[in-house]
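Let me begin by presenting the structure, written as structure tokens, before commenting on it.
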Amino acid sequence: MRVLIASDKYKGSLTATQVAQTISRILEETIPGIECDLCPIADGGEGTTEAMVTALDGAWIKIDTLDAQSRPRQASYGWCAGQAVMEMSAASGLALVNDLSLNPHTASTYGTGLMLKHALEQAATRIVIGIGGSATNDAGLGMAAALGYQFLDEAGNRVKPVLDEVLRMTKVKWAGSDKPPVFCPILVACDVDNPLLGVKGATQVYGAQKGVKETAWFEERLTHLADLVAKDLGQDPREIPGAGAAGGLGWGLMAFCGAQLTNGFDLVAEQIGLEERVTQADLVITGEGRLDAQTLHGKGPVGIAQMARRLGKKVAAFAGAVEDSSELQAQFDFTRATKPADMPLAEAIARAEELLAAAVRESEAEIRSLLGH
């Protein structure tokens, strides 16, 4: 009996890896002879790197970098058989600067660029980067500078790569050459379709959560930067869906690195060979912190369930809470909430592993039934 455990994280309490390990431990205790395939999943946001490193049996690389407000810190990225896997939030994430007042004028993706540069120096054959949780709205300007791009004024002098100085820039070039290098393939896990500019763009849709107040100020500078790159580098992806992700970092990765944006869940699924692993399983178990209407519009547990259905596999889900929705329930053969209805949320979060273990143990009969045991 082979069970694939492909769960997302329980946000704020358990990582996807911890969820998979807990379910596996209880199944192995209660159902003799069961074989568990641990395959943590993610949708390109927080937890993507850990999910892929675990699923691909990769290693972690720790480097010195900078946070979004240029303070020194260390960040880790994954290394999986020559492929680097990282999240921009490990260096330039909003959570890393929540001890400071929001200042989008100085927030920079330079630290993310240092991570990319390090991976390139290790001769990565491909880089996968998730770009959720950004603290920045600089369209990847800092990242580009960290990689080796230079920005010049009319006199040919270098201009500091910050938003305050963008309107002084009249030329962008690679250090030592007008032609930038060809980077290894870079895949960007991105699940939003915003363009760089305009009413649906980076600044107007997501800027407020990063402290943006002068929308026109940022729009003017991002427009100038996009025009400059189009003129000097011949790249103009400002209208491509996803260009506005992560404060325009989606645009920056395409424009400066030739990156390709792709759906986060689909990217992770392809990288970890998810379909083949579902095919080999007798039962699929998935879940996340909460299964609700939003789950139906995502690609995590429902994406797993739809794949399992297509391949003729039964699928069960464990979640902290499960919304009473016939549409949601129809996606799964069995669901179980781990949080007792009368338990305060804070207590449930603190006891998440214990509650998950108890729920799996108490569901032994249902799991055996799904396995045809």
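By order of appearance in the structure tokens: chains A, B, ..., then residues from 1 within every chain, and ligands from 1 in the order shown.
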Spatial neighbours of Ile41 in chain A, max dist 7 Å, only C-alpha atoms, sep filter under 3 positions, as an MDAnalysis selection string: chainID A and resid 6:8 16 51
Shell around Phe183 in chain A at 12 Å using only C-alpha atoms, local window under 3 positions removed, as a list of chain:residue names: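 Counting only C-alpha atoms, the residues come to A:Leu116, A:Lys117, A:Ala119, A:Leu120, A:Glu121, A:Ala123, A:Ala124, A:Thr125, A:Arg126, A:Ile127, A:Leu147, A:Pro180, A:Ile186, A:Leu187, A:Leu253, A:Met254, A:Ala255, A:Phe256, A:Cys257, A:Gly258, A:Ala259, A:Gln260.
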Same residues, C-alpha atoms, saved as a PDB file, in the first residue's frame:
```
ATOM      1  CA  LEU A 116      20.797  35.043  -7.939  1.00  0.00           C
ATOM      2  CA  LYS A 117      24.413  36.087  -8.505  1.00  0.00           C
ATOM      3  CA  ALA A 119      23.652  30.733  -7.729  1.00  0.00           C
ATOM      4  CA  LEU A 120      25.001  31.767 -11.127  1.00  0.00           C
ATOM      5  CA  GLU A 121      28.544  31.712  -9.768  1.00  0.00           C
ATOM      6  CA  ALA A 123      27.192  27.303 -12.295  1.00  0.00           C
ATOM      7  CA  ALA A 124      23.507  26.595 -11.703  1.00  0.00           C
ATOM      8  CA  THR A 125      21.979  24.922 -14.748  1.00  0.00           C
ATOM      9  CA  ARG A 126      18.593  26.434 -13.942  1.00  0.00           C
ATOM     10  CA  ILE A 127      17.161  28.764 -11.317  1.00  0.00           C
ATOM     11  CA  LEU A 147      23.896  41.106 -10.977  1.00  0.00           C
ATOM     12  CA  PRO A 180      24.518  41.504 -21.100  1.00  0.00           C
ATOM     13  CA  ILE A 186      15.311  31.201 -14.913  1.00  0.00           C
ATOM     14  CA  LEU A 187      11.763  30.113 -14.112  1.00  0.00           C
ATOM     15  CA  LEU A 253      13.465  39.202 -14.090  1.00  0.00           C
ATOM     16  CA  MET A 254      12.111  39.061 -17.637  1.00  0.00           C
ATOM     17  CA  ALA A 255      13.751  42.293 -18.783  1.00  0.00           C
ATOM     18  CA  PHE A 256      17.201  41.866 -17.213  1.00  0.00           C
ATOM     19  CA  CYS A 257      17.541  38.063 -17.051  1.00  0.00           C
ATOM     20  CA  GLY A 258      15.345  36.703 -19.830  1.00  0.00           C
ATOM     21  CA  ALA A 259      13.299  34.821 -17.249  1.00  0.00           C
ATOM     22  CA  GLN A 260      10.068  32.984 -17.965  1.00  0.00           C
TER      23      GLN A 260
END
```
DSSP strand (DSSP E or B) residues within range 102-290 of chain A, listed as a PyMOL selection string: chain A and resi 126-130+134+149-152+158+171-174+177+186-189+260-262+283-286+290
Selection: 7 Å around range 357-368 of chain A, only C-alpha atoms, excl. self and same-chain fewer than 5 positions, as a list in words: Thr22, Ile23, Ile26, Thr338 and His373 of chain A
Atoms kept (C-alpha atoms) for selection, written as a compact mmCIF listing (two decimals), in the first residue's frame:
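What landed in part-v3.txt:
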```txt
# COMPACT_ATOMS: atom_id res chain seq x y z
CA THR A 22 3.41 14.05 10.91
CA ILE A 23 0.86 12.30 8.69
CA ILE A 26 0.91 8.24 12.35
CA THR A 338 -7.95 18.99 12.86
CA HIS A 373 -8.02 -2.54 3.10
```
Given only C-alpha atoms as the counted atoms, nearest of A:Gln18, A:Gln122, A:Gln329, A:Gln69 to Thr109 in chain A: A:Gln69
DSSP says alpha helix (DSSP H) for which residues of range 113-325 of chain A? Put them as a compact mmCIF listing (two decimals) with N, CA, C and O atoms, in the first residue's frame?
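Result went into result_21.txt, see below:
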```txt
# COMPACT_ATOMS: atom_id res chain seq x y z
N GLY A 113 19.10 39.99 -5.80
CA GLY A 113 20.11 39.92 -6.85
C GLY A 113 21.38 39.21 -6.38
O GLY A 113 22.01 38.46 -7.14
N LEU A 114 21.75 39.43 -5.11
CA LEU A 114 22.93 38.75 -4.58
C LEU A 114 22.71 37.24 -4.51
O LEU A 114 23.64 36.46 -4.75
N MET A 115 21.49 36.82 -4.18
CA MET A 115 21.19 35.38 -4.18
C MET A 115 21.31 34.81 -5.59
O MET A 115 21.90 33.75 -5.80
N LEU A 116 20.72 35.50 -6.55
CA LEU A 116 20.80 35.04 -7.94
C LEU A 116 22.25 34.99 -8.41
O LEU A 116 22.67 34.02 -9.06
N LYS A 117 23.01 36.03 -8.09
CA LYS A 117 24.41 36.09 -8.50
C LYS A 117 25.20 34.92 -7.93
O LYS A 117 26.00 34.29 -8.63
N HIS A 118 24.95 34.61 -6.67
CA HIS A 118 25.66 33.49 -6.03
C HIS A 118 25.33 32.17 -6.74
O HIS A 118 26.23 31.36 -7.01
N ALA A 119 24.05 31.97 -7.04
CA ALA A 119 23.65 30.73 -7.73
C ALA A 119 24.29 30.64 -9.11
O ALA A 119 24.74 29.56 -9.54
N LEU A 120 24.36 31.75 -9.81
CA LEU A 120 25.00 31.77 -11.13
C LEU A 120 26.49 31.47 -11.02
O LEU A 120 27.06 30.76 -11.86
N GLU A 121 27.12 31.97 -9.97
CA GLU A 121 28.54 31.71 -9.77
C GLU A 121 28.82 30.25 -9.42
O GLU A 121 29.95 29.77 -9.60
N LEU A 141 15.10 46.81 -9.91
CA LEU A 141 16.24 47.71 -10.15
C LEU A 141 17.44 47.29 -9.31
O LEU A 141 18.56 47.17 -9.81
N GLY A 142 17.22 47.07 -8.02
CA GLY A 142 18.32 46.65 -7.15
C GLY A 142 18.89 45.31 -7.56
O GLY A 142 20.11 45.11 -7.56
N MET A 143 18.01 44.38 -7.91
CA MET A 143 18.46 43.06 -8.37
C MET A 143 19.40 43.19 -9.57
O MET A 143 20.46 42.55 -9.62
N ALA A 144 19.00 44.02 -10.53
CA ALA A 144 19.80 44.19 -11.75
C ALA A 144 21.19 44.73 -11.41
O ALA A 144 22.20 44.28 -11.96
N ALA A 145 21.25 45.68 -10.48
CA ALA A 145 22.55 46.24 -10.10
C ALA A 145 23.42 45.20 -9.42
O ALA A 145 24.63 45.13 -9.67
N ALA A 146 22.83 44.36 -8.58
CA ALA A 146 23.60 43.32 -7.90
C ALA A 146 24.17 42.32 -8.90
O ALA A 146 25.27 41.79 -8.72
N LEU A 147 23.45 42.06 -9.97
CA LEU A 147 23.90 41.11 -10.98
C LEU A 147 25.03 41.66 -11.83
O LEU A 147 25.84 40.90 -12.38
N ALA A 202 1.66 47.04 -10.69
CA ALA A 202 2.32 46.76 -9.41
C ALA A 202 2.02 47.82 -8.37
O ALA A 202 1.63 47.50 -7.24
N THR A 203 2.19 49.07 -8.72
CA THR A 203 2.05 50.15 -7.75
C THR A 203 0.62 50.33 -7.30
O THR A 203 0.34 50.41 -6.09
N GLN A 204 -0.31 50.39 -8.24
CA GLN A 204 -1.69 50.73 -7.89
C GLN A 204 -2.43 49.58 -7.21
O GLN A 204 -3.36 49.80 -6.43
N VAL A 205 -2.04 48.35 -7.49
CA VAL A 205 -2.73 47.21 -6.88
C VAL A 205 -2.07 46.79 -5.57
O VAL A 205 -2.76 46.53 -4.57
N TYR A 206 -0.76 46.73 -5.54
CA TYR A 206 -0.07 46.16 -4.38
C TYR A 206 0.76 47.17 -3.59
O TYR A 206 1.28 46.85 -2.52
N THR A 215 1.37 57.38 -5.54
CA THR A 215 1.29 56.43 -6.66
C THR A 215 1.92 56.99 -7.93
O THR A 215 2.68 56.31 -8.62
N ALA A 216 1.61 58.26 -8.24
CA ALA A 216 2.12 58.87 -9.48
C ALA A 216 3.65 58.93 -9.47
O ALA A 216 4.28 58.78 -10.53
N TRP A 217 4.23 59.16 -8.30
CA TRP A 217 5.70 59.24 -8.19
C TRP A 217 6.33 57.92 -8.63
O TRP A 217 7.31 57.89 -9.38
N PHE A 218 5.79 56.81 -8.13
CA PHE A 218 6.34 55.50 -8.48
C PHE A 218 6.05 55.15 -9.94
O PHE A 218 6.91 54.60 -10.63
N GLU A 219 4.84 55.45 -10.41
CA GLU A 219 4.50 55.15 -11.80
C GLU A 219 5.44 55.86 -12.76
O GLU A 219 5.87 55.28 -13.77
N GLU A 220 5.78 57.11 -12.46
CA GLU A 220 6.67 57.88 -13.33
C GLU A 220 8.04 57.20 -13.41
O GLU A 220 8.62 57.08 -14.51
N ARG A 221 8.55 56.75 -12.28
CA ARG A 221 9.89 56.15 -12.27
C ARG A 221 9.91 54.76 -12.89
O ARG A 221 10.86 54.41 -13.60
N LEU A 222 8.89 53.97 -12.64
CA LEU A 222 8.86 52.65 -13.26
C LEU A 222 8.66 52.76 -14.77
O LEU A 222 9.21 51.96 -15.53
N THR A 223 7.89 53.75 -15.20
CA THR A 223 7.71 53.97 -16.63
C THR A 223 9.03 54.37 -17.28
O THR A 223 9.40 53.87 -18.36
N HIS A 224 9.76 55.28 -16.63
CA HIS A 224 11.06 55.71 -17.16
C HIS A 224 12.02 54.52 -17.25
O HIS A 224 12.73 54.34 -18.25
N LEU A 225 12.04 53.68 -16.20
CA LEU A 225 12.92 52.52 -16.20
C LEU A 225 12.55 51.55 -17.31
O LEU A 225 13.43 51.04 -18.03
N ALA A 226 11.26 51.30 -17.49
CA ALA A 226 10.82 50.38 -18.55
C ALA A 226 11.18 50.92 -19.93
O ALA A 226 11.61 50.17 -20.82
N ASP A 227 11.02 52.24 -20.12
CA ASP A 227 11.38 52.86 -21.41
C ASP A 227 12.88 52.76 -21.66
O ASP A 227 13.32 52.50 -22.79
N LEU A 228 13.67 52.95 -20.61
CA LEU A 228 15.13 52.90 -20.73
C LEU A 228 15.59 51.49 -21.13
O LEU A 228 16.42 51.31 -22.02
N VAL A 229 15.04 50.49 -20.48
CA VAL A 229 15.41 49.10 -20.77
C VAL A 229 14.98 48.72 -22.19
O VAL A 229 15.70 48.03 -22.91
N ALA A 230 13.79 49.17 -22.59
CA ALA A 230 13.33 48.87 -23.95
C ALA A 230 14.28 49.48 -24.98
O ALA A 230 14.60 48.84 -26.00
N LYS A 231 14.76 50.70 -24.71
CA LYS A 231 15.66 51.40 -25.64
C LYS A 231 17.03 50.74 -25.70
O LYS A 231 17.56 50.49 -26.78
N ASP A 232 17.60 50.43 -24.55
CA ASP A 232 19.00 49.99 -24.51
C ASP A 232 19.18 48.48 -24.56
O ASP A 232 20.20 47.98 -25.05
N LEU A 233 18.22 47.74 -24.04
CA LEU A 233 18.36 46.27 -24.00
C LEU A 233 17.42 45.58 -24.97
O LEU A 233 17.52 44.36 -25.18
N ALA A 245 4.10 41.54 -10.70
CA ALA A 245 4.25 40.75 -9.47
C ALA A 245 5.44 41.22 -8.66
O ALA A 245 6.46 41.64 -9.21
N ALA A 246 5.30 41.17 -7.33
CA ALA A 246 6.40 41.49 -6.41
C ALA A 246 6.97 42.88 -6.68
O ALA A 246 8.18 43.06 -6.77
N GLY A 247 6.09 43.85 -6.80
CA GLY A 247 6.54 45.22 -7.01
C GLY A 247 7.29 45.41 -8.31
O GLY A 247 8.19 46.25 -8.41
N GLY A 248 6.91 44.63 -9.33
CA GLY A 248 7.54 44.74 -10.63
C GLY A 248 8.75 43.85 -10.81
O GLY A 248 9.40 43.87 -11.87
N LEU A 249 9.06 43.01 -9.81
CA LEU A 249 10.20 42.11 -9.97
C LEU A 249 9.95 41.11 -11.10
O LEU A 249 10.89 40.67 -11.77
N GLY A 250 8.67 40.77 -11.33
CA GLY A 250 8.37 39.90 -12.47
C GLY A 250 8.88 40.52 -13.76
O GLY A 250 9.50 39.84 -14.59
N TRP A 251 8.62 41.82 -13.93
CA TRP A 251 9.13 42.54 -15.10
C TRP A 251 10.66 42.53 -15.10
O TRP A 251 11.30 42.26 -16.12
N GLY A 252 11.26 42.83 -13.95
CA GLY A 252 12.71 42.91 -13.87
C GLY A 252 13.40 41.61 -14.24
O GLY A 252 14.41 41.59 -14.94
N LEU A 253 12.86 40.50 -13.77
CA LEU A 253 13.46 39.20 -14.09
C LEU A 253 13.36 38.89 -15.58
O LEU A 253 14.29 38.33 -16.17
N MET A 254 12.24 39.26 -16.19
CA MET A 254 12.11 39.06 -17.64
C MET A 254 13.03 40.00 -18.40
O MET A 254 13.73 39.60 -19.34
N ALA A 255 13.02 41.28 -18.02
CA ALA A 255 13.75 42.29 -18.78
C ALA A 255 15.27 42.16 -18.65
O ALA A 255 16.01 42.30 -19.63
N PHE A 256 15.76 41.90 -17.45
CA PHE A 256 17.20 41.87 -17.21
C PHE A 256 17.81 40.46 -17.33
O PHE A 256 19.00 40.32 -17.59
N CYS A 257 16.99 39.43 -17.11
CA CYS A 257 17.54 38.06 -17.05
C CYS A 257 16.95 37.12 -18.08
O CYS A 257 17.35 35.95 -18.14
N GLY A 264 2.74 28.96 -10.42
CA GLY A 264 3.53 28.42 -9.33
C GLY A 264 3.29 26.95 -9.04
O GLY A 264 4.23 26.16 -8.95
N PHE A 265 2.03 26.56 -8.89
CA PHE A 265 1.73 25.17 -8.59
C PHE A 265 2.18 24.27 -9.73
O PHE A 265 2.79 23.21 -9.50
N ASP A 266 1.89 24.66 -10.97
CA ASP A 266 2.27 23.83 -12.11
C ASP A 266 3.78 23.66 -12.19
O ASP A 266 4.29 22.58 -12.54
N LEU A 267 4.51 24.73 -11.87
CA LEU A 267 5.97 24.67 -11.90
C LEU A 267 6.48 23.69 -10.86
O LEU A 267 7.32 22.83 -11.15
N VAL A 268 5.99 23.83 -9.63
CA VAL A 268 6.44 22.93 -8.57
C VAL A 268 6.07 21.49 -8.91
O VAL A 268 6.87 20.57 -8.74
N ALA A 269 4.84 21.29 -9.41
CA ALA A 269 4.38 19.94 -9.75
C ALA A 269 5.30 19.30 -10.79
O ALA A 269 5.65 18.12 -10.70
N GLU A 270 5.68 20.09 -11.79
CA GLU A 270 6.56 19.56 -12.85
C GLU A 270 7.93 19.25 -12.30
O GLU A 270 8.53 18.20 -12.63
N GLN A 271 8.44 20.13 -11.45
CA GLN A 271 9.80 19.96 -10.93
C GLN A 271 9.93 18.72 -10.05
O GLN A 271 10.96 18.05 -10.06
N LEU A 274 5.30 15.33 -9.85
CA LEU A 274 4.10 15.04 -9.06
C LEU A 274 3.17 14.04 -9.75
O LEU A 274 2.66 13.12 -9.11
N GLU A 275 2.95 14.20 -11.04
CA GLU A 275 2.01 13.32 -11.72
C GLU A 275 2.47 11.87 -11.67
O GLU A 275 1.66 10.96 -11.44
N GLU A 276 3.74 11.64 -11.86
CA GLU A 276 4.27 10.27 -11.80
C GLU A 276 4.10 9.70 -10.40
O GLU A 276 3.77 8.51 -10.23
N ARG A 277 4.28 10.53 -9.40
CA ARG A 277 4.16 10.06 -8.03
C ARG A 277 2.70 9.77 -7.67
O ARG A 277 2.42 8.84 -6.91
N VAL A 278 1.77 10.55 -8.22
CA VAL A 278 0.35 10.26 -8.03
C VAL A 278 0.01 8.92 -8.70
O VAL A 278 -0.71 8.09 -8.14
N THR A 279 0.53 8.72 -9.89
CA THR A 279 0.27 7.48 -10.64
C THR A 279 0.69 6.25 -9.85
O THR A 279 0.01 5.22 -9.87
N ALA A 293 -13.50 28.42 0.30
CA ALA A 293 -13.81 28.85 -1.07
C ALA A 293 -12.56 29.29 -1.81
O ALA A 293 -12.43 29.08 -3.02
N GLN A 294 -11.61 29.89 -1.09
CA GLN A 294 -10.36 30.32 -1.74
C GLN A 294 -9.58 29.12 -2.28
O GLN A 294 -8.89 29.23 -3.28
N THR A 295 -9.69 27.99 -1.60
CA THR A 295 -9.00 26.79 -2.05
C THR A 295 -9.44 26.41 -3.46
O THR A 295 -8.63 25.94 -4.28
N LEU A 296 -10.71 26.63 -3.75
CA LEU A 296 -11.25 26.28 -5.06
C LEU A 296 -10.63 27.11 -6.18
O LEU A 296 -10.59 26.69 -7.33
N PRO A 301 -4.12 22.13 -2.82
CA PRO A 301 -4.86 20.89 -2.58
C PRO A 301 -5.87 20.54 -3.67
O PRO A 301 -6.02 19.37 -4.03
N VAL A 302 -6.56 21.54 -4.22
CA VAL A 302 -7.51 21.25 -5.28
C VAL A 302 -6.78 20.82 -6.55
O VAL A 302 -7.24 19.92 -7.28
N GLY A 303 -5.63 21.41 -6.83
CA GLY A 303 -4.83 20.96 -7.97
C GLY A 303 -4.42 19.51 -7.81
O GLY A 303 -4.48 18.72 -8.76
N ILE A 304 -4.01 19.14 -6.59
CA ILE A 304 -3.67 17.75 -6.30
C ILE A 304 -4.89 16.85 -6.49
O ILE A 304 -4.81 15.78 -7.11
N ALA A 305 -6.03 17.28 -5.94
CA ALA A 305 -7.25 16.47 -6.02
C ALA A 305 -7.68 16.25 -7.47
O ALA A 305 -8.07 15.15 -7.86
N GLN A 306 -7.60 17.31 -8.27
CA GLN A 306 -8.00 17.18 -9.67
C GLN A 306 -7.06 16.25 -10.43
O GLN A 306 -7.50 15.47 -11.28
N MET A 307 -5.77 16.32 -10.13
CA MET A 307 -4.82 15.42 -10.76
C MET A 307 -5.10 13.98 -10.34
O MET A 307 -5.08 13.05 -11.17
N ALA A 308 -5.37 13.77 -9.04
CA ALA A 308 -5.66 12.43 -8.55
C ALA A 308 -6.92 11.86 -9.21
O ALA A 308 -6.94 10.70 -9.64
N ARG A 309 -7.96 12.68 -9.32
CA ARG A 309 -9.21 12.25 -9.97
C ARG A 309 -8.93 11.84 -11.42
O ARG A 309 -9.40 10.80 -11.88
N ARG A 310 -8.16 12.66 -12.11
CA ARG A 310 -7.87 12.39 -13.52
C ARG A 310 -7.13 11.07 -13.69
O ARG A 310 -7.30 10.37 -14.70
```
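Among the candidates A:Asp43, A:Asp57, A:Asp342, A:Glu35, the one nearest to Asp191 in chain A when counting only C-alpha atoms is A:Asp43.
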Who sits within 7 Å of range 162-166 of chain A, only C-alpha atoms, same chain under 2 positions skipped, as a list in words: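 Residues meeting the cut-off are His105, Thr106, Asp138, Gly142, Val159, Lys160, Arg168, Met169, Arg221 and Leu225 of chain A.
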Surrounding residues of Pro72 in chain A excluding itself and chain neighbours under 5 positions, 10 Å, only C-alpha atoms, as a PyMOL selection string: chain A and resi 64-67+91+111
Please provide the set of residues having any atom within 7 Å of Ile272 in chain A, restricted to only C-alpha atoms, with same-chain residues fewer than 4 positions apart removed, written as a short mmCIF file (atom, residue, chain, number, x, y, z; two decimals) with C-alpha atoms, in the first residue's frame.
```
data_model
loop_
_atom_site.label_atom_id
_atom_site.label_comp_id
_atom_site.auth_asym_id
_atom_site.auth_seq_id
_atom_site.Cartn_x
_atom_site.Cartn_y
_atom_site.Cartn_z
CA MET A 52 11.15 21.39 -3.54
CA ALA A 55 10.82 16.47 -2.50
CA LEU A 56 14.02 16.42 -4.56
CA VAL A 268 6.44 22.93 -8.57
#
```
Minimum-distance residue to Cys190 in chain A, chosen among A:Gly78, A:Gly132, A:Gly33, A:Gly287 (using only C-alpha atoms):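 Looking at the shortest contact to Cys190 in chain A, the residue is A:Gly132.
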Straight-line distance linking CA of Asn157 in chain A with CA of Leu197 in chain A, stated in Å to one decimal: 28.0 Å
Atomic separation - CA of Tyr10 in chain A relative to CA of Ile61 in chain A, Å: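 Interatomic distance here is 24.6 Å.
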